[in-house]
>>> print(open('data_21.json').read())   # JSON, C-alpha atoms and all ligand atoms
[["chain", "number", "residue", "atom", "x", "y", "z"],
["A", 1, "MET", "CA", 150.88, 146.59, 72.20],
["A", 2, "GLY", "CA", 147.59, 147.96, 73.54],
["A", 3, "ARG", "CA", 144.24, 146.64, 72.34],
["A", 4, "VAL", "CA", 143.49, 149.90, 70.49],
["A", 5, "GLU", "CA", 147.10, 150.92, 69.88],
["A", 6, "GLY", "CA", 147.50, 154.11, 67.82],
["A", 7, "ARG", "CA", 143.79, 154.43, 67.07],
["A", 8, "VAL", "CA", 142.43, 157.99, 67.10],
["A", 9, "ILE", "CA", 139.22, 157.92, 69.14],
["A", 10, "VAL", "CA", 136.77, 160.69, 70.06],
["A", 11, "VAL", "CA", 134.75, 160.28, 73.28],
["A", 12, "THR", "CA", 131.94, 162.78, 73.90],
["A", 13, "GLY", "CA", 130.76, 163.73, 77.37],
["A", 14, "ALA", "CA", 134.20, 162.78, 78.64],
["A", 15, "ALA", "CA", 134.66, 165.39, 81.36],
["A", 16, "ARG", "CA", 133.26, 163.08, 84.02],
["A", 17, "GLY", "CA", 131.31, 159.87, 84.70],
["A", 18, "GLN", "CA", 131.39, 157.04, 82.20],
["A", 19, "GLY", "CA", 132.94, 159.15, 79.43],
["A", 20, "ALA", "CA", 135.96, 160.05, 81.58],
["A", 21, "ALA", "CA", 136.48, 156.39, 82.51],
["A", 22, "GLU", "CA", 136.15, 155.30, 78.87],
["A", 23, "ALA", "CA", 138.66, 157.94, 77.72],
["A", 24, "ALA", "CA", 141.17, 156.80, 80.35],
["A", 25, "ALA", "CA", 140.65, 153.09, 79.61],
["A", 26, "LEU", "CA", 141.08, 153.63, 75.85],
["A", 27, "ALA", "CA", 144.27, 155.65, 76.45],
["A", 28, "ARG", "CA", 145.65, 152.88, 78.71],
["A", 29, "GLU", "CA", 145.14, 150.50, 75.78],
["A", 30, "GLY", "CA", 147.20, 152.72, 73.48],
["A", 31, "ALA", "CA", 144.58, 154.94, 71.81],
["A", 32, "VAL", "CA", 145.08, 158.61, 71.07],
["A", 33, "VAL", "CA", 141.95, 159.96, 72.72],
["A", 34, "VAL", "CA", 140.21, 163.24, 72.04],
["A", 35, "ALA", "CA", 137.89, 163.77, 75.00],
["A", 36, "ALA", "CA", 135.14, 166.26, 74.18],
["A", 37, "ASP", "CA", 132.62, 167.88, 76.49],
["A", 38, "VAL", "CA", 130.43, 170.97, 76.79],
["A", 39, "ALA", "CA", 131.49, 171.25, 80.45],
["A", 40, "GLU", "CA", 134.72, 172.77, 81.70],
["A", 41, "ILE", "CA", 137.80, 170.75, 80.95],
["A", 42, "PRO", "CA", 138.68, 168.69, 84.04],
["A", 43, "ASP", "CA", 141.85, 169.49, 85.93],
["A", 44, "THR", "CA", 143.58, 166.17, 85.21],
["A", 45, "THR", "CA", 146.34, 165.06, 82.93],
["A", 46, "ILE", "CA", 146.02, 161.59, 81.46],
["A", 47, "PRO", "CA", 148.68, 160.48, 78.97],
["A", 48, "TYR", "CA", 147.32, 160.34, 75.39],
["A", 49, "VAL", "CA", 144.08, 162.15, 76.31],
["A", 50, "SER", "CA", 143.55, 165.69, 75.07],
["A", 51, "TYR", "CA", 140.43, 167.71, 75.86],
["A", 52, "ARG", "CA", 138.31, 169.75, 73.43],
["A", 53, "LYS", "CA", 135.28, 171.86, 74.17],
["A", 54, "LEU", "CA", 132.28, 170.58, 72.18],
["A", 55, "ASP", "CA", 128.53, 170.89, 72.50],
["A", 56, "VAL", "CA", 127.21, 167.84, 70.66],
["A", 57, "THR", "CA", 124.07, 169.76, 69.62],
["A", 58, "CYS", "CA", 126.13, 172.39, 67.79],
["A", 59, "PRO", "CA", 127.03, 171.67, 64.12],
["A", 60, "GLU", "CA", 129.77, 174.35, 64.17],
["A", 61, "ASP", "CA", 131.46, 172.69, 67.16],
["A", 62, "TRP", "CA", 131.52, 169.38, 65.27],
["A", 63, "GLN", "CA", 132.95, 171.09, 62.19],
["A", 64, "ALA", "CA", 135.69, 172.68, 64.31],
["A", 65, "LEU", "CA", 136.49, 169.26, 65.83],
["A", 66, "ARG", "CA", 136.62, 167.70, 62.38],
["A", 67, "THR", "CA", 139.07, 170.36, 61.15],
["A", 68, "PHE", "CA", 141.24, 169.80, 64.24],
["A", 69, "LEU", "CA", 141.25, 166.01, 63.73],
["A", 70, "GLU", "CA", 141.96, 166.33, 60.02],
["A", 71, "GLU", "CA", 144.92, 168.63, 60.64],
["A", 72, "GLN", "CA", 146.33, 166.68, 63.60],
["A", 73, "TYR", "CA", 145.78, 163.07, 62.55],
["A", 74, "GLY", "CA", 144.13, 162.93, 59.12],
["A", 75, "ARG", "CA", 141.61, 160.32, 60.31],
["A", 76, "VAL", "CA", 139.29, 159.12, 63.10],
["A", 77, "ASP", "CA", 139.22, 155.41, 63.98],
["A", 78, "GLY", "CA", 136.58, 155.54, 66.66],
["A", 79, "LEU", "CA", 133.71, 157.60, 68.02],
["A", 80, "VAL", "CA", 132.04, 157.01, 71.37],
["A", 81, "ASN", "CA", 128.75, 158.93, 71.48],
["A", 82, "ASN", "CA", 128.56, 158.98, 75.26],
["A", 83, "ALA", "CA", 127.32, 162.52, 76.02],
["A", 84, "GLY", "CA", 123.81, 162.33, 77.39],
["A", 85, "LEU", "CA", 121.31, 164.11, 79.53],
["A", 86, "THR", "CA", 118.57, 162.82, 81.77],
["A", 87, "HIS", "CA", 115.37, 164.61, 82.71],
["A", 88, "ARG", "CA", 113.18, 163.05, 85.36],
["A", 89, "ALA", "CA", 109.76, 164.58, 84.52],
["A", 90, "ARG", "CA", 106.88, 162.16, 83.99],
["A", 91, "LEU", "CA", 104.51, 162.03, 81.01],
["A", 92, "GLY", "CA", 101.99, 164.53, 82.37],
["A", 93, "GLU", "CA", 104.63, 167.04, 83.47],
["A", 94, "VAL", "CA", 107.31, 167.19, 80.81],
["A", 95, "ALA", "CA", 107.72, 170.64, 79.22],
["A", 96, "LEU", "CA", 108.20, 170.89, 75.47],
["A", 97, "ALA", "CA", 111.49, 172.78, 75.82],
["A", 98, "ASP", "CA", 112.93, 170.04, 78.08],
["A", 99, "TRP", "CA", 111.69, 167.29, 75.77],
["A", 100, "GLU", "CA", 113.39, 168.99, 72.81],
["A", 101, "HIS", "CA", 116.61, 169.64, 74.72],
["A", 102, "VAL", "CA", 116.91, 166.00, 75.79],
["A", 103, "PHE", "CA", 116.33, 164.86, 72.20],
["A", 104, "SER", "CA", 118.84, 167.38, 70.83],
["A", 105, "VAL", "CA", 121.62, 166.00, 73.06],
["A", 106, "ASN", "CA", 120.74, 162.29, 73.15],
["A", 107, "VAL", "CA", 119.71, 161.81, 69.51],
["A", 108, "THR", "CA", 120.55, 164.79, 67.28],
["A", 109, "GLY", "CA", 124.01, 165.12, 68.87],
["A", 110, "VAL", "CA", 124.79, 161.54, 67.84],
["A", 111, "LEU", "CA", 123.54, 162.10, 64.27],
["A", 112, "LEU", "CA", 125.69, 165.23, 63.93],
["A", 113, "GLY", "CA", 128.76, 163.42, 65.29],
["A", 114, "ILE", "CA", 128.42, 160.52, 62.88],
["A", 115, "GLN", "CA", 127.62, 162.74, 59.88],
["A", 116, "THR", "CA", 130.48, 165.14, 60.52],
["A", 117, "LEU", "CA", 133.26, 162.68, 61.35],
["A", 118, "LEU", "CA", 132.31, 159.98, 58.84],
["A", 119, "PRO", "CA", 134.45, 161.40, 56.01],
["A", 120, "LEU", "CA", 137.51, 160.94, 58.24],
["A", 121, "MET", "CA", 136.71, 157.32, 59.11],
["A", 122, "PRO", "CA", 138.63, 154.57, 57.28],
["A", 123, "ARG", "CA", 137.54, 150.94, 56.94],
["A", 124, "GLY", "CA", 137.85, 149.28, 60.33],
["A", 125, "ALA", "CA", 136.55, 152.31, 62.21],
["A", 126, "SER", "CA", 134.08, 151.68, 65.02],
["A", 127, "ILE", "CA", 131.26, 153.73, 66.55],
["A", 128, "VAL", "CA", 129.78, 153.04, 69.98],
["A", 129, "ASN", "CA", 126.53, 154.72, 70.97],
["A", 130, "VAL", "CA", 125.62, 154.86, 74.64],
["A", 131, "GLY", "CA", 121.96, 153.99, 75.09],
["A", 132, "SER", "CA", 120.42, 153.00, 78.40],
["A", 133, "LEU", "CA", 118.38, 150.31, 80.08],
["A", 134, "ALA", "CA", 115.63, 152.94, 79.62],
["A", 135, "ALA", "CA", 115.94, 152.27, 75.87],
["A", 136, "LEU", "CA", 114.81, 148.69, 76.46],
["A", 137, "THR", "CA", 111.97, 149.39, 78.89],
["A", 138, "GLY", "CA", 109.18, 151.87, 79.68],
["A", 139, "HIS", "CA", 111.26, 153.77, 82.24],
["A", 140, "TYR", "CA", 109.19, 156.63, 83.77],
["A", 141, "THR", "CA", 111.51, 159.47, 82.62],
["A", 142, "VAL", "CA", 109.55, 159.90, 79.41],
["A", 143, "ALA", "CA", 111.80, 162.33, 77.46],
["A", 144, "TYR", "CA", 114.95, 160.39, 78.35],
["A", 145, "THR", "CA", 113.36, 157.04, 77.61],
["A", 146, "ALA", "CA", 111.89, 158.12, 74.26],
["A", 147, "SER", "CA", 115.20, 159.73, 73.22],
["A", 148, "LYS", "CA", 117.19, 156.58, 74.00],
["A", 149, "TRP", "CA", 114.68, 154.44, 72.07],
["A", 150, "ALA", "CA", 115.17, 156.85, 69.15],
["A", 151, "LEU", "CA", 118.91, 156.40, 69.47],
["A", 152, "ARG", "CA", 118.44, 152.64, 69.03],
["A", 153, "GLY", "CA", 116.73, 153.31, 65.69],
["A", 154, "LEU", "CA", 119.51, 155.66, 64.60],
["A", 155, "SER", "CA", 122.14, 153.10, 65.61],
["A", 156, "ARG", "CA", 120.50, 150.30, 63.65],
["A", 157, "VAL", "CA", 120.22, 152.39, 60.50],
["A", 158, "ALA", "CA", 123.85, 153.47, 60.90],
["A", 159, "SER", "CA", 125.05, 149.87, 61.35],
["A", 160, "MET", "CA", 123.29, 148.93, 58.11],
["A", 161, "GLU", "CA", 124.43, 151.95, 56.09],
["A", 162, "LEU", "CA", 128.03, 152.00, 57.29],
["A", 163, "GLY", "CA", 128.63, 148.24, 57.35],
["A", 164, "PRO", "CA", 129.44, 148.12, 53.62],
["A", 165, "ARG", "CA", 132.10, 150.78, 54.24],
["A", 166, "GLY", "CA", 133.73, 148.54, 56.86],
["A", 167, "ILE", "CA", 132.56, 150.76, 59.72],
["A", 168, "ARG", "CA", 130.80, 149.09, 62.66],
["A", 169, "VAL", "CA", 128.13, 150.70, 64.86],
["A", 170, "ASN", "CA", 127.11, 149.15, 68.18],
["A", 171, "THR", "CA", 125.07, 150.28, 71.17],
["A", 172, "ILE", "CA", 125.60, 149.62, 74.85],
["A", 173, "HIS", "CA", 122.81, 149.90, 77.39],
["A", 174, "PRO", "CA", 124.06, 150.68, 80.90],
["A", 175, "GLY", "CA", 121.77, 150.05, 83.84],
["A", 176, "TYR", "CA", 122.20, 152.07, 87.02],
["A", 177, "ILE", "CA", 125.85, 153.16, 87.04],
["A", 178, "GLU", "CA", 127.27, 155.31, 89.85],
["A", 179, "THR", "CA", 128.16, 158.66, 88.21],
["A", 180, "PRO", "CA", 127.39, 162.35, 88.85],
["A", 181, "MET", "CA", 124.23, 161.82, 86.75],
["A", 182, "THR", "CA", 122.79, 159.20, 89.09],
["A", 183, "ALA", "CA", 124.07, 160.90, 92.26],
["A", 184, "SER", "CA", 120.96, 163.09, 92.07],
["A", 185, "ALA", "CA", 118.54, 160.15, 91.74],
["A", 186, "PRO", "CA", 116.02, 159.80, 94.60],
["A", 187, "PRO", "CA", 117.11, 157.29, 97.34],
["A", 188, "ALA", "CA", 113.92, 155.28, 96.76],
["A", 189, "PHE", "CA", 115.06, 154.71, 93.18],
["A", 190, "LEU", "CA", 118.40, 153.29, 94.26],
["A", 191, "LYS", "CA", 116.69, 150.89, 96.68],
["A", 192, "ALA", "CA", 114.14, 149.75, 94.11],
["A", 193, "ASN", "CA", 116.87, 149.42, 91.50],
["A", 194, "ASP", "CA", 118.93, 147.12, 93.72],
["A", 195, "ALA", "CA", 115.82, 144.98, 94.24],
["A", 196, "ALA", "CA", 115.27, 144.81, 90.45],
["A", 197, "THR", "CA", 118.89, 143.86, 89.72],
["A", 198, "PRO", "CA", 119.93, 140.20, 90.04],
["A", 199, "LEU", "CA", 123.45, 141.32, 91.03],
["A", 200, "GLY", "CA", 121.77, 143.41, 93.74],
["A", 201, "ARG", "CA", 123.85, 146.57, 93.35],
["A", 202, "PRO", "CA", 124.61, 149.47, 90.99],
["A", 203, "GLY", "CA", 127.46, 149.23, 88.50],
["A", 204, "THR", "CA", 130.60, 151.34, 88.34],
["A", 205, "VAL", "CA", 132.12, 153.22, 85.42],
["A", 206, "HIS", "CA", 134.96, 150.68, 85.45],
["A", 207, "GLU", "CA", 132.46, 147.94, 84.65],
["A", 208, "VAL", "CA", 131.29, 149.78, 81.50],
["A", 209, "ALA", "CA", 134.58, 151.07, 80.06],
["A", 210, "PRO", "CA", 136.06, 147.62, 79.23],
["A", 211, "LEU", "CA", 133.08, 146.88, 76.95],
["A", 212, "VAL", "CA", 133.66, 150.15, 75.10],
["A", 213, "VAL", "CA", 137.37, 149.27, 74.67],
["A", 214, "PHE", "CA", 136.37, 145.84, 73.30],
["A", 215, "LEU", "CA", 133.90, 147.35, 70.80],
["A", 216, "LEU", "CA", 136.51, 149.87, 69.64],
["A", 217, "SER", "CA", 139.14, 147.18, 69.18],
["A", 218, "GLY", "CA", 139.68, 144.64, 66.40],
["A", 219, "GLU", "CA", 138.59, 141.91, 68.85],
["A", 220, "SER", "CA", 134.98, 142.76, 67.98],
["A", 221, "SER", "CA", 135.55, 142.93, 64.21],
["A", 222, "TYR", "CA", 132.38, 140.95, 63.32],
["A", 223, "ILE", "CA", 130.10, 142.60, 65.89],
["A", 224, "ASN", "CA", 127.93, 145.20, 64.17],
["A", 225, "GLY", "CA", 124.44, 146.49, 64.97],
["A", 226, "ALA", "CA", 124.54, 144.82, 68.39],
["A", 227, "GLU", "CA", 122.89, 146.13, 71.53],
["A", 228, "ILE", "CA", 124.57, 145.03, 74.73],
["A", 229, "PRO", "CA", 123.12, 145.65, 78.21],
["A", 230, "VAL", "CA", 125.57, 146.33, 81.08],
["A", 231, "ASP", "CA", 122.99, 146.19, 83.83],
["A", 232, "GLY", "CA", 123.68, 143.42, 86.32],
["A", 233, "GLY", "CA", 120.99, 141.31, 84.64],
["A", 234, "GLN", "CA", 118.12, 143.73, 85.19],
["A", 235, "TRP", "CA", 116.75, 143.67, 81.64],
["A", 236, "ALA", "CA", 117.01, 139.91, 81.17],
["A", 237, "HIS", "CA", 114.31, 138.99, 83.69],
["A", 238, "GLY", "CA", 111.71, 141.38, 82.26],
["A", 239, "GLY", "CA", 110.01, 141.83, 85.67],
["A", 240, "ALA", "CA", 110.01, 138.12, 86.55],
["A", 241, "LYS", "CA", 112.41, 138.77, 89.46],
["A", 242, "PHE", "CA", 109.60, 140.41, 91.43],
["A", 243, "LEU", "CA", 107.42, 137.32, 91.04],
["A", 244, "SER", "CA", 110.29, 135.03, 91.97],
["A", 245, "ASP", "CA", 111.25, 137.18, 94.98],
["A", 246, "ALA", "CA", 107.62, 137.31, 96.18],
["A", 247, "LEU", "CA", 107.30, 133.52, 96.02],
["A", 248, "GLN", "CA", 110.61, 133.07, 97.79],
["A", 249, "ARG", "CA", 109.57, 135.48, 100.55],
["A", 250, "GLU", "CA", 106.31, 133.65, 100.99],
["A", 251, "ALA", "CA", 108.07, 130.26, 101.15],
["A", 252, "MET", "CA", 110.48, 131.59, 103.79],
["A", 253, "GLU", "CA", 107.67, 133.01, 105.90],
["A", 254, "ARG", "CA", 105.81, 129.70, 105.65],
["A", 255, "SER", "CA", 108.89, 127.72, 106.73],
["A", 256, "LYS", "CA", 109.37, 130.08, 109.73],
["A", 257, "GLY", "CA", 105.85, 129.19, 110.84],
["A", 258, "ASP", "CA", 106.54, 125.38, 110.65],
["B", 301, "LIG", "P1", 127.19, 162.29, 83.57],
["B", 301, "LIG", "O1", 126.12, 163.30, 83.70],
["B", 301, "LIG", "O2", 127.98, 161.97, 84.77],
["B", 301, "LIG", "O3", 128.17, 162.71, 82.39],
["B", 301, "LIG", "C1", 127.64, 163.14, 81.16],
["B", 301, "LIG", "C2", 128.63, 164.05, 80.48],
["B", 301, "LIG", "O4", 128.02, 164.48, 79.25],
["B", 301, "LIG", "C3", 128.94, 165.31, 81.31],
["B", 301, "LIG", "O5", 130.34, 165.51, 81.38],
["B", 301, "LIG", "C4", 128.25, 166.42, 80.54],
["B", 301, "LIG", "O6", 128.91, 167.68, 80.64],
["B", 301, "LIG", "C5", 128.30, 165.87, 79.12],
["B", 301, "LIG", "N1", 127.32, 166.52, 78.25],
["B", 301, "LIG", "C6", 126.01, 166.79, 78.53],
["B", 301, "LIG", "N2", 125.47, 167.48, 77.53],
["B", 301, "LIG", "C7", 126.44, 167.64, 76.59],
["B", 301, "LIG", "C8", 126.49, 168.29, 75.34],
["B", 301, "LIG", "N3", 125.43, 168.93, 74.85],
["B", 301, "LIG", "N4", 127.64, 168.24, 74.64],
["B", 301, "LIG", "C9", 128.74, 167.60, 75.14],
["B", 301, "LIG", "N5", 128.75, 167.00, 76.33],
["B", 301, "LIG", "C10", 127.62, 167.01, 77.05],
["B", 301, "LIG", "O7", 126.49, 161.00, 83.00],
["B", 301, "LIG", "P2", 126.95, 159.47, 82.89],
["B", 301, "LIG", "O8", 126.17, 158.74, 83.91],
["B", 301, "LIG", "O9", 128.42, 159.34, 82.83],
["B", 301, "LIG", "O10", 126.28, 159.12, 81.48],
["B", 301, "LIG", "C11", 127.00, 158.87, 80.29],
["B", 301, "LIG", "C12", 126.06, 158.26, 79.28],
["B", 301, "LIG", "O11", 125.53, 157.05, 79.81],
["B", 301, "LIG", "C13", 124.85, 159.13, 78.95],
["B", 301, "LIG", "O12", 124.54, 159.00, 77.58],
["B", 301, "LIG", "C14", 123.75, 158.53, 79.80],
["B", 301, "LIG", "O13", 122.47, 158.78, 79.26],
["B", 301, "LIG", "C15", 124.13, 157.07, 79.74],
["B", 301, "LIG", "N6", 123.59, 156.28, 80.82],
["B", 301, "LIG", "C16", 123.94, 156.51, 82.11],
["B", 301, "LIG", "C17", 123.42, 155.69, 83.11],
["B", 301, "LIG", "C18", 123.82, 155.83, 84.54],
["B", 301, "LIG", "O14", 123.23, 155.13, 85.38],
["B", 301, "LIG", "N7", 124.76, 156.64, 84.92],
["B", 301, "LIG", "C19", 122.53, 154.66, 82.78],
["B", 301, "LIG", "C20", 122.19, 154.47, 81.46],
["B", 301, "LIG", "C21", 122.73, 155.28, 80.49]]
>>> encode(input="data_21.json", output="structure tokens", more="lines below")
Ligand code: NAD
Amino acid sequence: MGRVEGRVIVVTGAARGQGAAEAAALAREGAVVVAADVAEIPDTTIPYVSYRKLDVTCPEDWQALRTFLEEQYGRVDGLVNNAGLTHRARLGEVALADWEHVFSVNVTGVLLGIQTLLPLMPRGASIVNVGSLAALTGHYTVAYTASKWALRGLSRVASMELGPRGIRVNTIHPGYIETPMTASAPPAFLKANDAATPLGRPGTVHEVAPLVVFLLSGESSYINGAEIPVDGGQWAHGGAKFLSDALQREAMERSKGD
């Protein structure tokens, strides 16, 4: 028996990166996974994973997915709102159209997904929203950061409203994870990120997917409205690592001089 055996689970943004790893991990644990993405369907065949084209910002796409799920399975036991978009413009530079596009994918897309699929969700269903370490900090990518903070608000309201129906809503906050999204990050960012992370390295998609499986499974049946960082400890120190590192460097330099 898998940990999510027989559960029908939709994962958005599942053509690559974290979403692809989550879809595969859920399928390995027995779920029937519907992997949805606006991008071309990847050329892979994973048992129990079927691909559907879906733009999370498009209400008609969600309706079409709902009809498909209703006809095929009659229910949805899980929804992973993983599709997301970054945009690296700073406060003074961000264009209105880019700001709105980022919000439409990272926030409105999640609202549409929950609203549309909710009627198919029985008691015991589980929703996982993919936030970001940027949702816990003042990360410089202003549109991305603000959108992920907004997603936290949406997630909290959803956990309160859907709890009485037996449906749980939780949010995970990945730090720097190696995916196609971060492959385009400036090298200086990677270096600074390693320095800010107590584990001293980026994470992999295989270090995020198990948490998603756990939150979709009955093992997390009393976890609702939670926000869980997967960031190598970066958020926990709140900047104190730089002070600690500076003192340590100074102590080492002093001892070299003795
Ligand atoms: P990625 O860019 O590698 O993959 C994102 C996927 O979402 C792509 O397949 C893309 O086609 C899809 N997508 C984009 N817009 C869509 C839309 N409108 N409709 C449907 N699908 C759409 O990114 P990733 O790193 O795997 O990120 C996954 C999630 O994790 C995102 O929500 C991202 O914000 C979040 N996240 C990533 C990191 C990281 O370091 N990689 C850190 C924190 C949070």
>>> residues_near_ligand(input="data_21.json", ligand="ligand LIG 301 (chain B)", cutoff="9 Å", atoms="only C-alpha atoms and all ligand atoms", output="count of residues only")
60
>>> atom_distance(input="data_21.json", atom1="atom CA of A:Glu60", atom2="atom CA of A:Val128")
22.1 Å
>>> closest_residue(input="data_21.json", among="A:Ile228, A:Val94, A:Ala236, A:Ala31", to="A:Leu211", atoms="all atoms listed in the file")
A:Ile228
>>> residues_around(input="data_21.json", residues="A:Arg168", least_positions_apart="5", cutoff="12 Å", atoms="only C-alpha atoms", output="PyMOL selection string")
chain A and resi 77-80+114+118+121-129+155-163+215-218+220-226
>>> write_last_selection(input="data_21.json", atoms="C-alpha atoms", output="PDB file, in the coordinates of the input")
ATOM      1  CA  ASP A  77     139.220 155.410  63.980  1.00  0.00           C
ATOM      2  CA  GLY A  78     136.580 155.540  66.660  1.00  0.00           C
ATOM      3  CA  LEU A  79     133.710 157.600  68.020  1.00  0.00           C
ATOM      4  CA  VAL A  80     132.040 157.010  71.370  1.00  0.00           C
ATOM      5  CA  ILE A 114     128.420 160.520  62.880  1.00  0.00           C
ATOM      6  CA  LEU A 118     132.310 159.980  58.840  1.00  0.00           C
ATOM      7  CA  MET A 121     136.710 157.320  59.110  1.00  0.00           C
ATOM      8  CA  PRO A 122     138.630 154.570  57.280  1.00  0.00           C
ATOM      9  CA  ARG A 123     137.540 150.940  56.940  1.00  0.00           C
ATOM     10  CA  GLY A 124     137.850 149.280  60.330  1.00  0.00           C
ATOM     11  CA  ALA A 125     136.550 152.310  62.210  1.00  0.00           C
ATOM     12  CA  SER A 126     134.080 151.680  65.020  1.00  0.00           C
ATOM     13  CA  ILE A 127     131.260 153.730  66.550  1.00  0.00           C
ATOM     14  CA  VAL A 128     129.780 153.040  69.980  1.00  0.00           C
ATOM     15  CA  ASN A 129     126.530 154.720  70.970  1.00  0.00           C
ATOM     16  CA  SER A 155     122.140 153.100  65.610  1.00  0.00           C
ATOM     17  CA  ARG A 156     120.500 150.300  63.650  1.00  0.00           C
ATOM     18  CA  VAL A 157     120.220 152.390  60.500  1.00  0.00           C
ATOM     19  CA  ALA A 158     123.850 153.470  60.900  1.00  0.00           C
ATOM     20  CA  SER A 159     125.050 149.870  61.350  1.00  0.00           C
ATOM     21  CA  MET A 160     123.290 148.930  58.110  1.00  0.00           C
ATOM     22  CA  GLU A 161     124.430 151.950  56.090  1.00  0.00           C
ATOM     23  CA  LEU A 162     128.030 152.000  57.290  1.00  0.00           C
ATOM     24  CA  GLY A 163     128.630 148.240  57.350  1.00  0.00           C
ATOM     25  CA  LEU A 215     133.900 147.350  70.800  1.00  0.00           C
ATOM     26  CA  LEU A 216     136.510 149.870  69.640  1.00  0.00           C
ATOM     27  CA  SER A 217     139.140 147.180  69.180  1.00  0.00           C
ATOM     28  CA  GLY A 218     139.680 144.640  66.400  1.00  0.00           C
ATOM     29  CA  SER A 220     134.980 142.760  67.980  1.00  0.00           C
ATOM     30  CA  SER A 221     135.550 142.930  64.210  1.00  0.00           C
ATOM     31  CA  TYR A 222     132.380 140.950  63.320  1.00  0.00           C
ATOM     32  CA  ILE A 223     130.100 142.600  65.890  1.00  0.00           C
ATOM     33  CA  ASN A 224     127.930 145.200  64.170  1.00  0.00           C
ATOM     34  CA  GLY A 225     124.440 146.490  64.970  1.00  0.00           C
ATOM     35  CA  ALA A 226     124.540 144.820  68.390  1.00  0.00           C
TER      36      ALA A 226
END
>>> atom_distance(input="data_21.json", atom1="atom CA of A:Glu207", atom2="atom CA of A:Lys191")
20.1 Å
>>> atom_distance(input="data_21.json", atom1="atom CA of A:Arg249", atom2="atom CA of A:Phe189")
21.3 Å
>>> closest_residue(input="data_21.json", among="A:Val208, A:Ile41, A:Val4, A:Ala150", to="A:Leu26", atoms="only C-alpha atoms")
A:Val4
